[in-house]
Amino acid sequence: EFAFMSTTTDRKVAMFYASNDNKPGCVFEIQLGMVDRGADLRWMSQYPHEAEICFGPLSGLQVIRTRVESSVLIVEVRMNVNMVSMTLEQVVAKRYKVVAGMCDNIMLEIDKSINGDDWTTLCSQLNDADGKVKVVIHDIAQKQLSKIKARGAE
């Protein structure tokens, strides 16, 4: 998950949100180790009574057991903040490389297709001996894929 995970140390707060509107709910009871700690946000919160603890992106939860209390499923989990996993910036950069590579491959496929026999036949039927249609299609594809790459780099 790319987002932060908001939790509370107050069981009553968690149960209130989980059992609201008489619909089934779910609460994660998180067991923390010595390293797996979140940031206590009470000092800056508009709702300090909610005792919010925030965990960073890419935190993992390992299910230990489950039980039901009233209409709420309680899932006991162990927190796993992997200190060797990539940062959010590294994950986004890696994803950008994948998208950029995909765009390059699409452009290669377009080039291969517009230089094939089917396109030669189409151009002859359109009386386009000098291949203006190919150039236009190539340029449009190049511009669109460049836009996609640029958005990914932001």
# chains A, B, ... in the order shown; residues from 1 in each chain; ligands from 1
call {"tool": "residues_around", "arguments": {"residues": "A:Ala51", "least_positions_apart": "2", "cutoff": "7 Å", "atoms": "only C-alpha atoms", "output": "short mmCIF file (atom, residue, chain, number, x, y, z; two decimals) with N, CA, C and O atoms, in the first residue's frame"}}
result
data_model
loop_
_atom_site.label_atom_id
_atom_site.label_comp_id
_atom_site.auth_asym_id
_atom_site.auth_seq_id
_atom_site.Cartn_x
_atom_site.Cartn_y
_atom_site.Cartn_z
N THR A 8 -5.21 3.46 15.98
CA THR A 8 -5.42 4.07 17.29
C THR A 8 -4.98 3.09 18.37
O THR A 8 -5.05 1.86 18.18
N THR A 9 -4.54 3.64 19.49
CA THR A 9 -4.20 2.79 20.64
C THR A 9 -5.41 2.61 21.55
O THR A 9 -5.36 1.84 22.50
N ASP A 10 -6.49 3.30 21.25
CA ASP A 10 -7.70 3.26 22.08
C ASP A 10 -8.70 2.28 21.46
O ASP A 10 -9.31 2.55 20.43
N ARG A 42 -0.91 12.35 18.45
CA ARG A 42 -1.79 13.03 19.40
C ARG A 42 -1.41 14.49 19.61
O ARG A 42 -2.27 15.35 19.71
N PRO A 48 -7.19 14.65 19.56
CA PRO A 48 -6.19 13.91 20.33
C PRO A 48 -6.77 12.74 21.13
O PRO A 48 -6.07 11.77 21.41
N HIS A 49 -8.07 12.80 21.43
CA HIS A 49 -8.71 11.71 22.17
C HIS A 49 -8.75 10.41 21.36
O HIS A 49 -8.95 9.34 21.91
N ILE A 53 -2.03 6.69 15.87
CA ILE A 53 -0.66 6.28 15.56
C ILE A 53 -0.63 6.02 14.05
O ILE A 53 -1.48 5.32 13.53
#
call {"tool": "residues_around", "arguments": {"residues": "A:Glu69", "least_positions_apart": "3", "cutoff": "12 Å", "atoms": "only C-alpha atoms", "output": "ChimeraX atom specification"}}
result
/A:15,18-19,24-27,66,72-75
call {"tool": "write_last_selection", "arguments": {"atoms": "all heavy atoms", "output": "compact mmCIF listing (two decimals), in the first residue's frame"}}
result
# COMPACT_ATOMS: atom_id res chain seq x y z
N MET A 15 -13.42 0.31 18.01
CA MET A 15 -14.70 -0.39 18.00
C MET A 15 -15.85 0.54 17.61
O MET A 15 -16.79 0.13 16.94
CB MET A 15 -14.97 -1.04 19.36
CG MET A 15 -14.00 -2.17 19.70
SD MET A 15 -14.04 -3.53 18.52
CE MET A 15 -15.55 -4.34 19.01
N ALA A 18 -15.67 0.83 13.83
CA ALA A 18 -15.93 -0.46 13.18
C ALA A 18 -17.38 -0.90 13.30
O ALA A 18 -17.90 -1.60 12.43
CB ALA A 18 -15.02 -1.53 13.76
N SER A 19 -18.06 -0.52 14.37
CA SER A 19 -19.43 -0.99 14.59
C SER A 19 -20.46 0.08 14.31
O SER A 19 -21.62 -0.06 14.68
CB SER A 19 -19.58 -1.51 16.02
OG SER A 19 -19.31 -0.46 16.94
N PRO A 24 -21.57 -4.84 9.61
CA PRO A 24 -20.37 -5.58 10.03
C PRO A 24 -19.13 -4.72 9.85
O PRO A 24 -19.02 -3.93 8.91
CB PRO A 24 -20.33 -6.77 9.07
CG PRO A 24 -21.69 -6.86 8.47
CD PRO A 24 -22.28 -5.50 8.53
N GLY A 25 -18.19 -4.87 10.78
CA GLY A 25 -16.96 -4.10 10.72
C GLY A 25 -15.75 -4.98 10.95
O GLY A 25 -15.87 -6.19 11.19
N CYS A 26 -14.59 -4.38 10.88
CA CYS A 26 -13.34 -5.12 11.06
C CYS A 26 -12.35 -4.25 11.82
O CYS A 26 -12.20 -3.06 11.52
CB CYS A 26 -12.77 -5.49 9.69
SG CYS A 26 -11.27 -6.47 9.77
N VAL A 27 -11.68 -4.83 12.79
CA VAL A 27 -10.65 -4.15 13.56
C VAL A 27 -9.39 -5.01 13.54
O VAL A 27 -9.46 -6.23 13.73
CB VAL A 27 -11.10 -3.91 15.03
CG1 VAL A 27 -9.94 -3.45 15.90
CG2 VAL A 27 -12.23 -2.90 15.08
N THR A 66 -8.08 -14.81 14.09
CA THR A 66 -9.27 -13.95 14.01
C THR A 66 -10.29 -14.41 15.03
O THR A 66 -10.27 -15.56 15.47
CB THR A 66 -9.90 -13.99 12.61
OG1 THR A 66 -10.31 -15.32 12.32
CG2 THR A 66 -8.95 -13.50 11.55
N VAL A 72 -18.33 -7.25 14.84
CA VAL A 72 -16.99 -6.82 14.40
C VAL A 72 -16.05 -8.02 14.33
O VAL A 72 -15.92 -8.79 15.29
CB VAL A 72 -16.42 -5.75 15.36
CG1 VAL A 72 -15.03 -5.33 14.92
CG2 VAL A 72 -17.35 -4.55 15.43
N LEU A 73 -15.40 -8.15 13.19
CA LEU A 73 -14.35 -9.16 13.03
C LEU A 73 -13.06 -8.57 13.57
O LEU A 73 -12.61 -7.51 13.12
CB LEU A 73 -14.18 -9.53 11.55
CG LEU A 73 -13.02 -10.45 11.21
CD1 LEU A 73 -13.21 -11.83 11.85
CD2 LEU A 73 -12.85 -10.56 9.71
N ILE A 74 -12.48 -9.24 14.56
CA ILE A 74 -11.20 -8.81 15.12
C ILE A 74 -10.11 -9.67 14.49
O ILE A 74 -10.15 -10.90 14.57
CB ILE A 74 -11.15 -8.99 16.66
CG1 ILE A 74 -12.38 -8.34 17.33
CG2 ILE A 74 -9.84 -8.48 17.23
CD1 ILE A 74 -12.44 -6.85 17.22
N VAL A 75 -9.16 -9.01 13.85
CA VAL A 75 -8.06 -9.72 13.20
C VAL A 75 -6.78 -9.38 13.96
O VAL A 75 -6.34 -8.23 13.97
CB VAL A 75 -7.91 -9.30 11.72
CG1 VAL A 75 -6.79 -10.08 11.05
CG2 VAL A 75 -9.22 -9.48 10.98
call {"tool": "residues_around", "arguments": {"residues": "A:Asn20", "least_positions_apart": "6", "cutoff": "12 Å", "atoms": "only C-alpha atoms", "output": "PyMOL selection string"}}
result
chain A and resi 12-14+26+70-72
call {"tool": "atom_distance", "arguments": {"atom1": "atom CA of A:Leu122", "atom2": "atom CA of A:Ser146"}}
result
26.7 Å
call {"tool": "closest_residue", "arguments": {"among": "A:Gly38, A:Ala100, A:Lys134, A:Met79", "to": "A:Ala150", "atoms": "only C-alpha atoms"}}
result
A:Ala100
call {"tool": "atom_distance", "arguments": {"atom1": "atom CA of A:Thr120", "atom2": "atom CA of A:Lys132"}}
result
11.7 Å
call {"tool": "residues_around", "arguments": {"residues": "A:Asn115", "least_positions_apart": "4", "cutoff": "12 Å", "atoms": "only C-alpha atoms", "output": "list in words"}}
result
Leu108, Glu109, Ile110, Asp111, Trp119, Thr120, Thr121, Leu122, Cys123, Gly131, Val133, Lys134, Val135, Ile137 and His138 of chain A
call {"tool": "atom_distance", "arguments": {"atom1": "atom CA of A:Arg37", "atom2": "atom CA of A:Phe55"}}
result
7.3 Å
call {"tool": "residues_around", "arguments": {"residues": "A:Arg65", "least_positions_apart": "3", "cutoff": "12 Å", "atoms": "only C-alpha atoms", "output": "list in words"}}
result
Phe28, Glu29, Ile30, Gln31, Leu61, Gln62, Val68, Leu73, Ile74, Val75, Glu76, Val77 and Arg78 of chain A
call {"tool": "write_last_selection", "arguments": {"atoms": "N, CA and C atoms", "output": "PDB file, in the first residue's frame"}}
result
ATOM      1  N   PHE A  28      -8.261  -4.386  13.281  1.00  0.00           N
ATOM      2  CA  PHE A  28      -6.979  -5.075  13.363  1.00  0.00           C
ATOM      3  C   PHE A  28      -6.355  -4.790  14.718  1.00  0.00           C
ATOM      4  N   GLU A  29      -6.077  -5.841  15.481  1.00  0.00           N
ATOM      5  CA  GLU A  29      -5.307  -5.704  16.722  1.00  0.00           C
ATOM      6  C   GLU A  29      -3.859  -5.962  16.346  1.00  0.00           C
ATOM      7  N   ILE A  30      -3.043  -4.932  16.470  1.00  0.00           N
ATOM      8  CA  ILE A  30      -1.675  -5.001  15.963  1.00  0.00           C
ATOM      9  C   ILE A  30      -0.694  -5.236  17.102  1.00  0.00           C
ATOM     10  N   GLN A  31       0.099  -6.297  16.965  1.00  0.00           N
ATOM     11  CA  GLN A  31       1.188  -6.561  17.905  1.00  0.00           C
ATOM     12  C   GLN A  31       2.450  -5.925  17.337  1.00  0.00           C
ATOM     13  N   LEU A  61       1.231  -6.450   7.327  1.00  0.00           N
ATOM     14  CA  LEU A  61       0.508  -7.061   8.441  1.00  0.00           C
ATOM     15  C   LEU A  61       0.450  -8.565   8.213  1.00  0.00           C
ATOM     16  N   GLN A  62       0.859  -9.323   9.223  1.00  0.00           N
ATOM     17  CA  GLN A  62       0.828 -10.780   9.156  1.00  0.00           C
ATOM     18  C   GLN A  62      -0.284 -11.262  10.079  1.00  0.00           C
ATOM     19  N   VAL A  68     -14.613 -13.047  16.441  1.00  0.00           N
ATOM     20  CA  VAL A  68     -15.736 -12.132  16.226  1.00  0.00           C
ATOM     21  C   VAL A  68     -16.230 -11.647  17.578  1.00  0.00           C
ATOM     22  N   LEU A  73     -15.403  -8.154  13.193  1.00  0.00           N
ATOM     23  CA  LEU A  73     -14.355  -9.162  13.030  1.00  0.00           C
ATOM     24  C   LEU A  73     -13.056  -8.574  13.568  1.00  0.00           C
ATOM     25  N   ILE A  74     -12.477  -9.240  14.559  1.00  0.00           N
ATOM     26  CA  ILE A  74     -11.200  -8.807  15.125  1.00  0.00           C
ATOM     27  C   ILE A  74     -10.110  -9.667  14.493  1.00  0.00           C
ATOM     28  N   VAL A  75      -9.155  -9.014  13.854  1.00  0.00           N
ATOM     29  CA  VAL A  75      -8.056  -9.720  13.203  1.00  0.00           C
ATOM     30  C   VAL A  75      -6.782  -9.382  13.962  1.00  0.00           C
ATOM     31  N   GLU A  76      -6.219 -10.372  14.632  1.00  0.00           N
ATOM     32  CA  GLU A  76      -4.956 -10.158  15.337  1.00  0.00           C
ATOM     33  C   GLU A  76      -3.824 -10.281  14.328  1.00  0.00           C
ATOM     34  N   VAL A  77      -2.993  -9.262  14.259  1.00  0.00           N
ATOM     35  CA  VAL A  77      -1.915  -9.222  13.276  1.00  0.00           C
ATOM     36  C   VAL A  77      -0.602  -8.809  13.933  1.00  0.00           C
ATOM     37  N   ARG A  78       0.463  -9.145  13.273  1.00  0.00           N
ATOM     38  CA  ARG A  78       1.802  -8.727  13.686  1.00  0.00           C
ATOM     39  C   ARG A  78       2.285  -7.725  12.642  1.00  0.00           C
TER      40      ARG A  78
END
call {"tool": "select_by_dssp", "arguments": {"residues": "chain A", "states": "alpha helix (DSSP H)", "output": "MDAnalysis selection string"}}
result
chainID A and resid 11:18 88:114 117:125 132:153
call {"tool": "decode", "arguments": {"residues": "stretch 6-17 of chain A", "atoms": "N, CA, C and O atoms", "output": "PDB file, in the first residue's frame"}}
result
ATOM      1  N   SER A   6      -3.363   4.624   9.258  1.00  0.00           N
ATOM      2  CA  SER A   6      -3.776   5.300  10.478  1.00  0.00           C
ATOM      3  C   SER A   6      -4.388   4.280  11.432  1.00  0.00           C
ATOM      4  O   SER A   6      -5.246   3.496  11.045  1.00  0.00           O
ATOM      5  N   THR A   7      -3.926   4.309  12.684  1.00  0.00           N
ATOM      6  CA  THR A   7      -4.425   3.375  13.698  1.00  0.00           C
ATOM      7  C   THR A   7      -4.700   4.151  14.986  1.00  0.00           C
ATOM      8  O   THR A   7      -4.439   5.349  15.073  1.00  0.00           O
ATOM      9  N   THR A   8      -5.209   3.463  15.978  1.00  0.00           N
ATOM     10  CA  THR A   8      -5.419   4.071  17.292  1.00  0.00           C
ATOM     11  C   THR A   8      -4.980   3.088  18.368  1.00  0.00           C
ATOM     12  O   THR A   8      -5.050   1.864  18.176  1.00  0.00           O
ATOM     13  N   THR A   9      -4.540   3.638  19.492  1.00  0.00           N
ATOM     14  CA  THR A   9      -4.200   2.786  20.635  1.00  0.00           C
ATOM     15  C   THR A   9      -5.414   2.608  21.553  1.00  0.00           C
ATOM     16  O   THR A   9      -5.359   1.840  22.504  1.00  0.00           O
ATOM     17  N   ASP A  10      -6.493   3.304  21.253  1.00  0.00           N
ATOM     18  CA  ASP A  10      -7.695   3.256  22.076  1.00  0.00           C
ATOM     19  C   ASP A  10      -8.701   2.276  21.460  1.00  0.00           C
ATOM     20  O   ASP A  10      -9.311   2.547  20.427  1.00  0.00           O
ATOM     21  N   ARG A  11      -8.885   1.155  22.102  1.00  0.00           N
ATOM     22  CA  ARG A  11      -9.779   0.113  21.603  1.00  0.00           C
ATOM     23  C   ARG A  11     -11.215   0.632  21.423  1.00  0.00           C
ATOM     24  O   ARG A  11     -11.894   0.267  20.461  1.00  0.00           O
ATOM     25  N   LYS A  12     -11.672   1.497  22.317  1.00  0.00           N
ATOM     26  CA  LYS A  12     -13.030   2.032  22.229  1.00  0.00           C
ATOM     27  C   LYS A  12     -13.220   2.846  20.944  1.00  0.00           C
ATOM     28  O   LYS A  12     -14.269   2.762  20.306  1.00  0.00           O
ATOM     29  N   VAL A  13     -12.212   3.602  20.564  1.00  0.00           N
ATOM     30  CA  VAL A  13     -12.283   4.392  19.334  1.00  0.00           C
ATOM     31  C   VAL A  13     -12.380   3.455  18.128  1.00  0.00           C
ATOM     32  O   VAL A  13     -13.213   3.644  17.239  1.00  0.00           O
ATOM     33  N   ALA A  14     -11.538   2.426  18.096  1.00  0.00           N
ATOM     34  CA  ALA A  14     -11.550   1.475  16.976  1.00  0.00           C
ATOM     35  C   ALA A  14     -12.891   0.765  16.878  1.00  0.00           C
ATOM     36  O   ALA A  14     -13.460   0.633  15.782  1.00  0.00           O
ATOM     37  N   MET A  15     -13.419   0.310  18.005  1.00  0.00           N
ATOM     38  CA  MET A  15     -14.695  -0.392  18.000  1.00  0.00           C
ATOM     39  C   MET A  15     -15.845   0.544  17.612  1.00  0.00           C
ATOM     40  O   MET A  15     -16.789   0.130  16.941  1.00  0.00           O
ATOM     41  N   PHE A  16     -15.749   1.828  17.984  1.00  0.00           N
ATOM     42  CA  PHE A  16     -16.778   2.792  17.611  1.00  0.00           C
ATOM     43  C   PHE A  16     -16.858   2.912  16.091  1.00  0.00           C
ATOM     44  O   PHE A  16     -17.934   2.838  15.509  1.00  0.00           O
ATOM     45  N   TYR A  17     -15.714   3.112  15.446  1.00  0.00           N
ATOM     46  CA  TYR A  17     -15.708   3.261  13.992  1.00  0.00           C
ATOM     47  C   TYR A  17     -16.074   1.961  13.277  1.00  0.00           C
ATOM     48  O   TYR A  17     -16.731   1.976  12.238  1.00  0.00           O
TER      49      TYR A  17
END
